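Trainee: Okay, so here is work_9.txt, and as you'll see once you scroll down, it has compact mmCIF, C-alpha atoms and all ligand atoms.
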# COMPACT_ATOMS: atom_id res chain seq x y z
CA MET A 227 95.12 -37.25 43.69
CA ARG A 228 97.09 -34.51 42.02
CA PRO A 229 99.51 -32.15 43.73
CA SER A 230 97.83 -28.87 42.89
CA PRO A 231 95.17 -27.63 40.47
CA PHE A 232 97.59 -24.92 39.29
CA PRO A 233 99.91 -25.15 36.32
CA PRO A 234 103.61 -24.70 37.18
CA SER A 235 104.31 -21.01 37.60
CA PRO A 236 106.58 -19.38 35.05
CA ARG A 237 107.57 -16.92 37.80
CA ARG A 238 108.89 -19.51 40.22
CA HIS A 239 111.09 -17.75 42.77
CA LYS A 240 114.01 -19.59 44.34
CA GLN A 241 114.82 -16.93 46.89
CA PRO A 242 112.11 -15.32 49.03
CA ARG A 243 111.07 -12.13 47.35
CA GLN A 244 111.70 -8.91 49.20
CA THR A 245 108.34 -7.78 50.43
CA ALA A 246 107.24 -5.26 52.97
CA SER A 247 107.50 -6.81 56.41
CA THR A 248 104.13 -8.15 57.55
CA LEU A 249 102.77 -8.31 61.06
CA SER A 250 99.79 -10.63 61.57
CA LEU A 251 97.76 -10.29 64.74
CA LEU A 252 95.51 -13.26 65.51
CA ALA A 253 92.71 -13.30 68.04
CA PRO A 254 92.83 -15.50 71.16
CA GLY A 255 91.83 -19.05 70.28
CA THR A 256 93.07 -18.62 66.71
CA THR A 257 96.33 -20.03 65.51
CA ALA A 258 97.88 -20.32 62.12
CA TRP A 259 99.05 -23.81 63.01
CA SER A 260 95.89 -25.44 64.34
CA GLN A 261 95.11 -29.11 63.57
CA PRO A 262 91.67 -30.40 62.54
CA PRO A 263 89.87 -31.77 65.63
CA GLU A 264 89.11 -35.47 66.16
CA LEU A 265 85.35 -35.24 66.69
CA THR A 266 84.32 -38.77 65.76
CA LEU A 267 86.97 -41.50 65.91
CA ARG A 268 90.46 -41.33 67.38
CA GLY A 269 92.97 -40.62 64.62
CA PHE A 270 90.18 -39.60 62.25
CA LYS A 271 90.42 -35.85 61.70
CA ASP A 272 87.28 -33.84 60.94
CA ASP A 273 87.37 -30.79 58.73
CA THR A 274 84.57 -28.75 60.26
CA CYS A 275 84.44 -25.72 57.96
CA SER A 276 85.42 -24.64 54.47
CA THR A 277 86.18 -28.21 53.43
CA ALA A 278 86.29 -27.44 49.72
CA HIS A 279 88.14 -24.38 48.46
CA THR A 280 85.94 -23.48 45.51
CA GLY A 281 85.26 -19.74 45.28
CA ILE A 282 88.76 -18.79 46.36
CA GLN A 283 90.26 -20.60 43.34
CA ALA A 284 89.20 -17.63 41.21
CA ASN A 285 91.12 -15.27 43.50
CA PRO A 286 94.29 -14.03 41.73
CA LEU A 287 96.31 -15.27 44.71
CA LEU A 288 95.49 -18.87 43.75
CA ARG A 289 94.45 -18.44 40.10
CA ASN A 290 97.77 -16.81 39.17
CA ASP A 291 99.65 -18.76 41.84
CA GLU A 292 101.01 -15.46 43.14
CA LEU A 293 102.49 -16.85 46.34
CA ILE A 294 103.40 -20.31 45.03
CA LEU A 295 101.85 -21.81 48.14
CA ARG A 296 102.70 -25.38 47.17
CA ASP A 297 106.27 -24.47 48.16
CA TYR A 298 104.84 -23.80 51.62
CA GLY A 299 102.98 -27.09 51.90
CA LEU A 300 99.61 -26.45 50.27
CA GLU A 301 98.42 -29.40 48.21
CA TYR A 302 94.95 -29.88 46.68
CA ILE A 303 92.95 -33.03 46.05
CA ASP A 304 90.56 -32.75 43.13
CA PRO A 305 87.59 -35.13 43.66
CA ASP A 306 85.71 -36.68 40.74
CA PRO A 307 82.73 -36.94 41.04
CA ILE A 308 82.46 -33.38 42.29
CA MET A 309 79.14 -33.85 44.02
CA HIS A 310 76.44 -36.48 44.37
CA ILE A 311 72.92 -35.71 45.51
CA PRO A 312 70.48 -38.53 46.32
CA PHE A 313 66.73 -37.89 46.42
CA PRO A 314 64.14 -39.45 48.73
CA ASP A 315 62.68 -41.60 45.92
CA GLY A 316 66.04 -43.36 45.35
CA SER A 317 66.98 -41.37 42.26
CA TYR A 318 70.11 -39.21 42.21
CA LEU A 319 72.15 -36.68 40.26
CA THR A 320 75.93 -36.63 40.09
CA GLN A 321 78.19 -33.84 38.91
CA TRP A 322 81.36 -35.10 37.25
CA ARG A 323 84.41 -33.12 36.14
CA ASP A 324 83.48 -34.14 32.61
CA LEU A 325 80.70 -31.87 31.29
CA ASP A 326 79.24 -34.45 28.87
CA ARG A 327 78.99 -37.01 31.64
CA THR A 328 77.22 -34.48 33.90
CA CYS A 329 74.81 -33.53 31.10
CA ALA A 330 74.03 -37.23 30.65
CA GLU A 331 72.99 -37.29 34.32
CA PHE A 332 70.48 -34.47 33.76
CA ALA A 333 69.32 -36.09 30.51
CA ARG A 334 68.22 -39.23 32.39
CA TYR A 335 65.34 -37.14 33.75
CA SER A 336 65.03 -34.37 31.14
CA LYS A 337 66.85 -33.89 27.82
CA LYS A 338 65.75 -30.26 27.88
CA ASP A 339 67.38 -29.74 31.29
CA ALA A 340 70.64 -31.25 30.01
CA GLU A 341 70.66 -28.74 27.16
CA THR A 342 69.74 -25.92 29.54
CA TYR A 343 72.62 -26.86 31.84
CA ARG A 344 75.09 -26.84 28.94
CA ARG A 345 73.77 -23.46 27.77
CA MET A 346 73.86 -22.09 31.31
CA LEU A 347 77.55 -22.92 31.59
CA ALA A 348 78.40 -21.22 28.31
CA ASP A 349 76.37 -18.17 29.39
CA PHE A 350 78.14 -18.04 32.72
CA GLU A 351 81.61 -18.35 31.16
CA SER A 352 80.98 -15.16 29.19
CA VAL A 353 80.45 -13.07 32.35
CA LYS A 354 82.69 -14.96 34.78
CA PRO A 355 85.68 -12.63 34.20
CA ILE A 356 83.42 -9.73 35.23
CA PHE A 357 82.24 -11.50 38.38
CA ASP A 358 85.81 -12.50 39.26
CA ALA A 359 87.11 -8.97 38.73
CA THR A 360 84.51 -7.44 41.05
CA THR A 361 84.48 -10.20 43.65
CA PHE A 362 88.16 -9.81 44.46
CA ALA A 363 88.54 -6.05 44.07
CA PRO A 364 88.04 -4.04 47.24
CA VAL A 365 85.17 -1.56 47.05
CA GLY A 366 86.40 1.63 45.43
CA PHE A 367 89.36 -0.08 43.67
CA GLY A 368 87.61 -0.91 40.41
CA LYS A 369 84.41 -0.40 38.43
CA PRO A 370 81.28 -1.69 40.15
CA LEU A 371 79.58 -4.86 38.85
CA ASN A 372 76.61 -3.05 37.35
CA GLU A 373 78.81 -0.71 35.35
CA LEU A 374 80.85 -3.61 33.94
CA LEU A 375 77.72 -5.62 33.11
CA ALA A 376 76.20 -2.61 31.33
CA ALA A 377 79.06 -2.83 28.81
CA HIS A 378 78.49 -6.57 28.20
CA PRO A 379 76.29 -7.65 25.23
CA GLN A 380 74.02 -9.70 27.56
CA GLY A 381 74.55 -7.33 30.48
CA LYS A 382 70.89 -6.37 30.90
CA GLN A 383 69.82 -10.00 31.02
CA TRP A 384 72.44 -10.65 33.72
CA GLN A 385 71.38 -7.61 35.72
CA ARG A 386 67.84 -9.00 35.67
CA ARG A 387 69.04 -12.45 36.79
CA LEU A 388 71.02 -10.92 39.66
CA GLY A 389 67.88 -9.12 40.82
CA MET A 390 65.92 -12.40 40.90
CA SER A 391 66.14 -15.09 43.57
CA VAL A 392 68.00 -18.38 43.03
CA TRP A 393 64.64 -20.12 43.06
CA GLU A 394 63.19 -17.88 40.32
CA VAL A 395 66.19 -18.41 38.02
CA VAL A 396 66.20 -22.18 38.57
CA ARG A 397 62.41 -22.60 38.33
CA ASP A 398 62.26 -20.67 35.02
CA ALA A 399 65.20 -22.49 33.43
CA PHE A 400 64.73 -26.15 34.49
CA GLU A 401 61.66 -28.39 34.25
CA ASP A 402 62.50 -31.48 36.32
CA ASP A 403 62.28 -31.21 40.12
CA ARG A 404 65.53 -33.15 40.55
CA SER A 405 67.44 -30.72 38.34
CA ARG A 406 65.90 -27.85 40.27
CA ALA A 407 66.68 -29.38 43.66
CA PHE A 408 70.31 -30.02 42.66
CA LEU A 409 70.88 -26.43 41.59
CA LEU A 410 69.07 -25.07 44.65
CA ALA A 411 71.07 -27.21 47.06
CA VAL A 412 74.41 -26.15 45.58
CA GLY A 413 73.30 -22.53 45.20
CA HIS A 414 72.45 -22.64 48.86
CA LEU A 415 75.91 -23.57 50.18
CA GLY A 416 76.44 -19.94 51.18
CA ALA A 417 73.47 -20.40 53.55
CA VAL A 418 71.43 -17.51 52.14
CA PRO A 419 67.87 -18.74 51.58
CA PRO A 420 67.29 -19.28 47.84
CA ASP A 421 64.00 -17.40 47.85
CA PHE A 422 65.68 -14.15 48.96
CA PRO A 423 65.54 -11.43 46.31
CA ALA A 424 68.77 -10.64 44.46
CA THR A 425 70.41 -14.00 45.22
CA GLY A 426 70.14 -15.10 41.55
CA ARG A 427 73.89 -15.43 41.12
CA GLY A 428 73.74 -18.43 43.44
CA ALA A 429 71.90 -20.33 40.68
CA TYR A 430 75.24 -20.42 38.86
CA THR A 431 77.23 -21.99 41.71
CA LEU A 432 76.96 -25.41 40.09
CA ALA A 433 78.27 -23.90 36.84
CA GLY A 434 81.30 -22.46 38.65
CA GLN A 435 81.88 -25.83 40.25
CA GLN A 436 81.68 -27.59 36.85
CA ARG A 437 84.65 -25.56 35.73
CA GLY A 438 86.84 -25.66 38.82
CA GLY A 439 85.58 -28.70 40.73
CA ARG A 440 85.65 -28.72 44.55
CA PRO A 441 89.37 -28.81 45.39
CA ILE A 442 90.01 -30.10 48.91
CA PRO A 443 93.21 -29.08 50.70
CA LYS A 444 95.14 -32.19 51.74
CA GLY A 445 95.20 -32.27 55.54
CA GLY A 446 92.17 -30.02 56.02
CA SER A 447 91.16 -26.44 55.37
CA GLY A 448 93.69 -25.15 57.92
CA GLU A 449 96.47 -26.10 55.49
CA LEU A 450 95.81 -22.92 53.53
CA THR A 451 96.24 -20.83 56.68
CA LYS A 452 99.39 -22.74 57.58
CA ALA A 453 100.88 -22.22 54.11
CA LEU A 454 100.08 -18.50 54.30
CA GLY A 455 101.67 -18.38 57.76
CA ARG A 456 104.82 -20.08 56.48
CA PHE A 457 104.94 -17.65 53.55
CA ILE A 458 104.67 -14.65 55.87
CA GLU A 459 107.44 -15.94 58.14
CA ALA A 460 109.67 -16.84 55.18
CA HIS A 461 109.39 -13.23 54.07
CA SER A 462 110.42 -11.67 57.38
CA GLY A 463 106.84 -11.32 58.56
CA VAL A 464 105.82 -11.87 62.16
CA ILE A 465 102.70 -13.64 63.47
CA ILE A 466 101.59 -12.78 66.99
CA THR A 467 98.77 -14.78 68.53
CA ASN A 468 96.49 -13.92 71.45
CA LYS A 469 95.97 -10.38 70.27
CA TRP A 470 92.46 -8.97 70.29
CA VAL A 471 92.26 -5.80 68.21
CA LYS A 472 90.07 -3.31 70.02
CA GLN A 473 90.15 -0.31 67.77
CA LEU A 474 91.73 1.26 64.73
CA ILE A 475 94.13 4.19 65.03
CA VAL A 476 92.80 6.74 62.56
CA GLU A 477 95.02 9.69 61.66
CA GLY A 478 94.29 12.24 58.98
CA GLY A 479 91.40 10.15 57.67
CA LYS A 480 93.60 7.04 57.27
CA CYS A 481 93.99 3.90 59.33
CA ALA A 482 97.51 4.14 60.71
CA GLY A 483 97.51 1.13 63.04
CA VAL A 484 95.58 -0.81 65.66
CA GLU A 485 95.16 -0.86 69.42
CA CYS A 486 94.73 -4.18 71.22
CA SER A 487 92.73 -5.08 74.31
CA ASP A 488 95.95 -5.68 76.31
CA GLY A 489 96.95 -2.04 75.77
CA SER A 490 99.54 -2.74 73.07
CA ALA A 491 99.45 -0.78 69.82
CA TYR A 492 100.91 -1.50 66.40
CA ARG A 493 101.49 1.05 63.66
CA ALA A 494 101.60 0.22 59.95
CA ASP A 495 103.89 1.78 57.34
CA LYS A 496 101.81 0.76 54.33
CA ALA A 497 98.39 -0.62 55.23
CA VAL A 498 96.22 -2.34 57.82
CA LEU A 499 94.36 -5.34 56.37
CA SER A 500 91.66 -7.24 58.17
CA THR A 501 88.93 -9.80 57.61
CA ILE A 502 87.18 -8.96 60.88
CA HIS A 503 83.44 -9.15 60.36
CA ILE A 504 82.21 -5.88 58.97
CA LYS A 505 79.64 -5.44 61.75
CA HIS A 506 82.51 -5.41 64.30
CA LEU A 507 84.82 -3.41 62.08
CA VAL A 508 82.33 -0.57 61.85
CA ASP A 509 82.51 -0.12 65.65
CA MET A 510 86.31 0.10 65.69
CA ALA A 511 86.48 3.68 64.45
CA PRO A 512 84.26 6.72 64.93
CA ARG A 513 81.09 6.49 62.77
CA GLU A 514 81.92 9.70 60.94
CA SER A 515 85.19 8.23 59.62
CA TRP A 516 83.22 5.60 57.63
CA GLY A 517 80.67 7.96 56.11
CA HIS A 518 76.89 7.57 56.09
CA ASP A 519 76.71 5.38 52.94
CA PHE A 520 79.06 2.78 54.36
CA VAL A 521 77.36 2.59 57.77
CA ASP A 522 73.93 2.40 56.12
CA GLY A 523 75.17 -0.35 53.77
CA VAL A 524 76.53 -2.40 56.68
CA SER A 525 73.23 -2.20 58.56
CA ARG A 526 71.27 -3.33 55.47
CA LEU A 527 73.67 -6.18 54.78
CA LEU A 528 73.06 -7.52 58.27
CA GLN A 529 69.31 -7.18 57.98
CA ARG A 530 69.25 -9.26 54.79
CA CYS A 531 72.03 -11.79 55.18
CA GLY A 532 72.83 -11.65 58.88
CA CYS A 533 72.41 -13.90 61.85
CA ASP A 534 68.97 -15.15 60.89
CA ALA A 535 70.17 -16.52 57.54
CA ARG A 536 72.00 -19.64 58.70
CA PRO A 537 69.33 -21.38 60.84
CA ARG A 538 66.68 -20.57 58.27
CA GLY A 539 69.03 -21.66 55.51
CA ASN A 540 69.60 -25.06 57.10
CA ALA A 541 65.85 -25.59 57.31
CA HIS A 542 65.74 -24.98 53.56
CA LEU A 543 68.45 -27.51 52.91
CA GLU A 544 66.61 -30.23 54.78
CA SER A 545 63.50 -29.51 52.76
CA TYR A 546 65.09 -30.17 49.35
CA GLY A 547 63.27 -33.44 48.91
CA LEU A 548 61.39 -34.21 45.74
CA ALA A 549 58.23 -34.78 47.71
CA THR A 550 58.40 -31.27 49.13
CA LEU A 551 59.07 -29.69 45.79
CA ARG A 552 56.35 -31.71 44.07
CA ALA A 553 53.82 -30.96 46.75
CA GLU A 554 54.40 -27.25 46.82
CA GLY A 555 56.07 -26.53 43.51
CA ARG A 556 58.67 -24.47 45.35
CA PRO A 557 61.01 -24.73 48.38
CA ALA A 558 58.93 -25.45 51.46
CA ALA A 559 60.19 -22.53 53.52
CA LEU A 560 58.84 -20.07 50.95
CA GLY A 561 55.40 -20.46 52.37
C1 LIG A 601 80.24 -23.67 58.51
C2 LIG A 601 81.02 -23.00 57.39
C3 LIG A 601 81.37 -23.74 56.27
C4 LIG A 601 82.07 -23.14 55.25
N1 LIG A 601 82.42 -23.90 54.17
C5 LIG A 601 83.17 -23.37 53.19
C6 LIG A 601 83.64 -24.19 52.12
O1 LIG A 601 83.39 -25.40 52.06
N2 LIG A 601 84.39 -23.61 51.17
C7 LIG A 601 84.72 -22.29 51.23
O2 LIG A 601 85.45 -21.83 50.33
N3 LIG A 601 84.31 -21.48 52.22
C8 LIG A 601 83.54 -21.99 53.20
N4 LIG A 601 83.13 -21.20 54.25
C9 LIG A 601 83.50 -19.78 54.24
C10 LIG A 601 84.95 -19.59 54.68
O3 LIG A 601 85.17 -20.28 55.88
C11 LIG A 601 85.21 -18.10 54.87
O4 LIG A 601 84.90 -17.42 53.68
C12 LIG A 601 86.67 -17.86 55.22
O5 LIG A 601 87.04 -18.54 56.39
C13 LIG A 601 86.88 -16.37 55.43
O6 LIG A 601 88.23 -16.21 55.75
P1 LIG A 601 88.73 -14.87 56.28
O7 LIG A 601 90.19 -15.00 56.56
O8 LIG A 601 88.30 -13.77 55.36
O9 LIG A 601 87.91 -14.63 57.65
P2 LIG A 601 87.90 -15.52 58.96
O10 LIG A 601 88.28 -16.92 58.68
O11 LIG A 601 86.59 -15.22 59.63
O12 LIG A 601 89.08 -14.86 59.77
C14 LIG A 601 88.89 -13.70 60.53
C15 LIG A 601 89.81 -13.83 61.70
O13 LIG A 601 89.81 -12.60 62.41
C16 LIG A 601 89.80 -12.92 63.80
N5 LIG A 601 89.28 -11.76 64.52
C17 LIG A 601 87.98 -11.34 64.58
N6 LIG A 601 87.89 -10.25 65.34
C18 LIG A 601 89.18 -9.98 65.76
C19 LIG A 601 89.75 -8.95 66.58
N7 LIG A 601 89.00 -7.99 67.12
N8 LIG A 601 91.09 -8.98 66.81
C20 LIG A 601 91.90 -9.95 66.25
N9 LIG A 601 91.40 -10.93 65.46
C21 LIG A 601 90.05 -10.94 65.23
C22 LIG A 601 88.92 -14.15 63.93
O14 LIG A 601 89.23 -14.85 65.13
C23 LIG A 601 89.33 -14.93 62.68
O15 LIG A 601 90.41 -15.79 62.92
C24 LIG A 601 82.43 -21.77 55.32
C25 LIG A 601 82.09 -21.03 56.45
C26 LIG A 601 81.41 -21.64 57.47
C27 LIG A 601 81.07 -20.81 58.71
Show this structure as structure tokens.
Ligand SMILES: Cc1cc2nc3c(=O)[nH]c(=O)nc-3n(C[C@H](O)[C@H](O)[C@H](O)COP(=O)(O)OP(=O)(O)OC[C@H]3O[C@@H](n4cnc5c(N)ncnc54)[C@H](O)[C@@H]3O)c2cc1C
Mentor:
Amino acid sequence: MRPSPFPPSPRRHKQPRQTASTLSLLAPGTTAWSQPPELTLRGFKDDTCSTAHTGIQANPLLRNDELILRDYGLEYIDPDPIMHIPFPDGSYLTQWRDLDRTCAEFARYSKKDAETYRRMLADFESVKPIFDATTFAPVGFGKPLNELLAAHPQGKQWQRRLGMSVWEVVRDAFEDDRSRAFLLAVGHLGAVPPDFPATGRGAYTLAGQQRGGRPIPKGGSGELTKALGRFIEAHSGVIITNKWVKQLIVEGGKCAGVECSDGSAYRADKAVLSTIHIKHLVDMAPRESWGHDFVDGVSRLLQRCGCDARPRGNAHLESYGLATLRAEGRPAALG
């Protein structure tokens, strides 16, 4: 176990920094201080969601240790091996923090796949800064992904990969079914079916994991929320629970605050931030204030990756057996 995957920050602050006062409104049933439930044995806490904090490690908040959350109780455990996948025939593949050791796992079944995996990682490293920059920049606050890729020496190849499905990328690159199944299973953790067009980036999930591991917050995923809550309160912020935001107050084309279902209203000096699901957000202000492009984009997002994705996705996951792949030469649910 190590305290945190971050190096000590050179900007360590002894006194709370002066920041704009923050007001956090949390929906009923949500609390910044919740404990993981005991779903199996008494005293044995179950982390039901977001067990490993992988993708978020590339967020500047954690990558640059902007809030120094370890001072507010956040501690990460860094498991090694990262992931172990057994197959129905008794064989298995394990991803270790050590790249050579992981390549040796692939090489047991295919030397070519081991080389492909090593090459894939190097390839991915060259574009990762571009992916990170666009993933964590709000729309309209930076150059779009395609524009940044166009300026990259292998940009066209990456644009093509992003237009493919996870399955197409993995099938073309790897020859052994176990290698393919491993990459498909990990690429599928976001629950979008790997045969969907334009999911190709998911084929590189394993590569991202090779670099950063699967850090687990000590005490459960809620520890991140708790640390953020403590940070807000230590900086004169206020957290109010049991508040259901009903609509946005829009003035002069800007969001100036929110109205809650109990009739209360809160105005913001600087900004209103929210992670409310976009399909609900879009109903919280008049359609014309979003613009046609935005509303159209939201409806398409839901058609492709919406409610139907998770149940179908789980069916895919169960079908990642070698027998299935051998029999059909592709994930079963493709048919
Ligand atoms: C089953 C599952 C497993 C996952 N596993 C992982 C994992 O292992 N690793 C990982 O990194 N990620 C994982 N994720 C994804 C991760 O949980 C999310 O990306 C993350 O929780 C998003 O955080 P958020 O703060 O943006 O949004 P949310 O956590 O969705 O927070 C939005 C909050 O807004 C509140 N809200 C909604 N509407 C209103 C309203 N009208 N008024 C007031 N409040 C409102 C909600 O109650 C909620 O608390 C998983 C997700 C699921 C569902």
Trainee: Figure out the distance between atom CA of Val365 of chain A and atom CA of Tyr492 of chain A, please, to one decimal in Å.
Mentor: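 Atom-to-atom, atom CA of Tyr492 of chain A to atom CA of Val365 of chain A, that is 24.9 Å.
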Trainee: Might I get the box with edges along x, y and z of the file that holds all atoms of ligand LIG 601 (chain A) listed there, padded by 4 Å on every side, given as centre and edge lengths in Å to one decimal, as lines of an AutoDock Vina configuration file?
Mentor:
center_x = 86.1
center_y = -16.7
center_z = 58.7
size_x = 19.7
size_y = 25.4
size_z = 24.8
Trainee: So that I can see what lies close to Gly438 of chain A, please list as a VMD selection string the residues with an atom at most 10 Å from it, counting all atoms listed in the file and leaving out residues fewer than 5 positions away in the same chain.
Mentor: chain A and resid 231 279 to 281 283 to 284 304 308 323 432 to 433
Trainee: Kindly compile the residues surrounding ligand LIG 601 (chain A) within 10 Å, counting all atoms listed in the file, and format them as a PyMOL selection string.
Mentor: chain A and resi 250-258+273-283+415-417+440-442+447-448+451+467-474+484-487+500-504+506-507+510+536
Trainee: Just the residues within 10 Å of Ala453 of chain A, please, counting all atoms listed in the file, with nothing from its chain fewer than 3 positions along; format it as a PyMOL selection string.
Mentor: chain A and resi 258-259+293-301+448-450+456-459
Trainee: Quick one: pull the distance between atom CA of Gly381 of chain A and atom CA of Tyr430 of chain A, Å, one decimal.
Mentor: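 Computed distance, atom CA of Gly381 of chain A to atom CA of Tyr430 of chain A, equals 15.6 Å.
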Trainee: Atom CA of Phe270 of chain A to atom CA of Pro307 of chain A: how many Å, to one decimal?
Mentor: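 Calculated distance between atom CA of Phe270 of chain A and atom CA of Pro307 of chain A is 22.6 Å.
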Trainee: Near Ala363 of chain A, within 10 Å and counting only C-alpha atoms, which residues show up once chain neighbours fewer than 6 positions away are dropped, as a list in words?
Mentor: Asn285, Lys369 and Pro370 of chain A
Trainee: Can you tell me which residues surround segment 420-426 of chain A at a distance of at most 8 Å, considering all atoms listed in the file, apart from same-chain residues fewer than 3 positions away, and format the answer as a ChimeraX atom specification?
Mentor: /A:387-395,410,413-414,429-430,557,560
Trainee: Here's a test: counting all atoms listed in the file, identify every protein, DNA and RNA residue with an atom at most 12 Å from (75.3, -26.3, 31.0) in the file's coordinate frame, and state them as an mmCIF file with C-alpha atoms, in the frame of the given file.
Mentor:
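Saved the output as selection-v4.cif:
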data_model
loop_
_atom_site.group_PDB
_atom_site.id
_atom_site.type_symbol
_atom_site.label_atom_id
_atom_site.label_comp_id
_atom_site.auth_asym_id
_atom_site.auth_seq_id
_atom_site.Cartn_x
_atom_site.Cartn_y
_atom_site.Cartn_z
ATOM 1 C CA GLN A 321 78.190 -33.840 38.910
ATOM 2 C CA ASP A 324 83.480 -34.140 32.610
ATOM 3 C CA LEU A 325 80.700 -31.870 31.290
ATOM 4 C CA ASP A 326 79.240 -34.450 28.870
ATOM 5 C CA ARG A 327 78.990 -37.010 31.640
ATOM 6 C CA THR A 328 77.220 -34.480 33.900
ATOM 7 C CA CYS A 329 74.810 -33.530 31.100
ATOM 8 C CA ALA A 330 74.030 -37.230 30.650
ATOM 9 C CA GLU A 331 72.990 -37.290 34.320
ATOM 10 C CA PHE A 332 70.480 -34.470 33.760
ATOM 11 C CA ALA A 333 69.320 -36.090 30.510
ATOM 12 C CA LYS A 337 66.850 -33.890 27.820
ATOM 13 C CA LYS A 338 65.750 -30.260 27.880
ATOM 14 C CA ASP A 339 67.380 -29.740 31.290
ATOM 15 C CA ALA A 340 70.640 -31.250 30.010
ATOM 16 C CA GLU A 341 70.660 -28.740 27.160
ATOM 17 C CA THR A 342 69.740 -25.920 29.540
ATOM 18 C CA TYR A 343 72.620 -26.860 31.840
ATOM 19 C CA ARG A 344 75.090 -26.840 28.940
ATOM 20 C CA ARG A 345 73.770 -23.460 27.770
ATOM 21 C CA MET A 346 73.860 -22.090 31.310
ATOM 22 C CA LEU A 347 77.550 -22.920 31.590
ATOM 23 C CA ALA A 348 78.400 -21.220 28.310
ATOM 24 C CA ASP A 349 76.370 -18.170 29.390
ATOM 25 C CA PHE A 350 78.140 -18.040 32.720
ATOM 26 C CA GLU A 351 81.610 -18.350 31.160
ATOM 27 C CA ALA A 399 65.200 -22.490 33.430
ATOM 28 C CA PHE A 400 64.730 -26.150 34.490
ATOM 29 C CA SER A 405 67.440 -30.720 38.340
ATOM 30 C CA LEU A 409 70.880 -26.430 41.590
ATOM 31 C CA ALA A 429 71.900 -20.330 40.680
ATOM 32 C CA TYR A 430 75.240 -20.420 38.860
ATOM 33 C CA THR A 431 77.230 -21.990 41.710
ATOM 34 C CA LEU A 432 76.960 -25.410 40.090
ATOM 35 C CA ALA A 433 78.270 -23.900 36.840
ATOM 36 C CA GLY A 434 81.300 -22.460 38.650
ATOM 37 C CA GLN A 435 81.880 -25.830 40.250
ATOM 38 C CA GLN A 436 81.680 -27.590 36.850
ATOM 39 C CA ARG A 437 84.650 -25.560 35.730
#
Trainee: Using only C-alpha atoms, which of A:Asp402, A:Glu514, A:Asp522, A:Asp358 sits nearest Leu371 of chain A?
Mentor: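 Going through A:Asp402, A:Glu514, A:Asp522, A:Asp358 one by one, the smallest distance to Leu371 of chain A is for A:Asp358.
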Trainee: Quick one: of A:Ala511, A:Val396, A:Ala376, A:Ile465, who's nearest to Glu477 of chain A, counting all atoms listed in the file?
Mentor: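 Of all the options, A:Ala511 lies closest to Glu477 of chain A.
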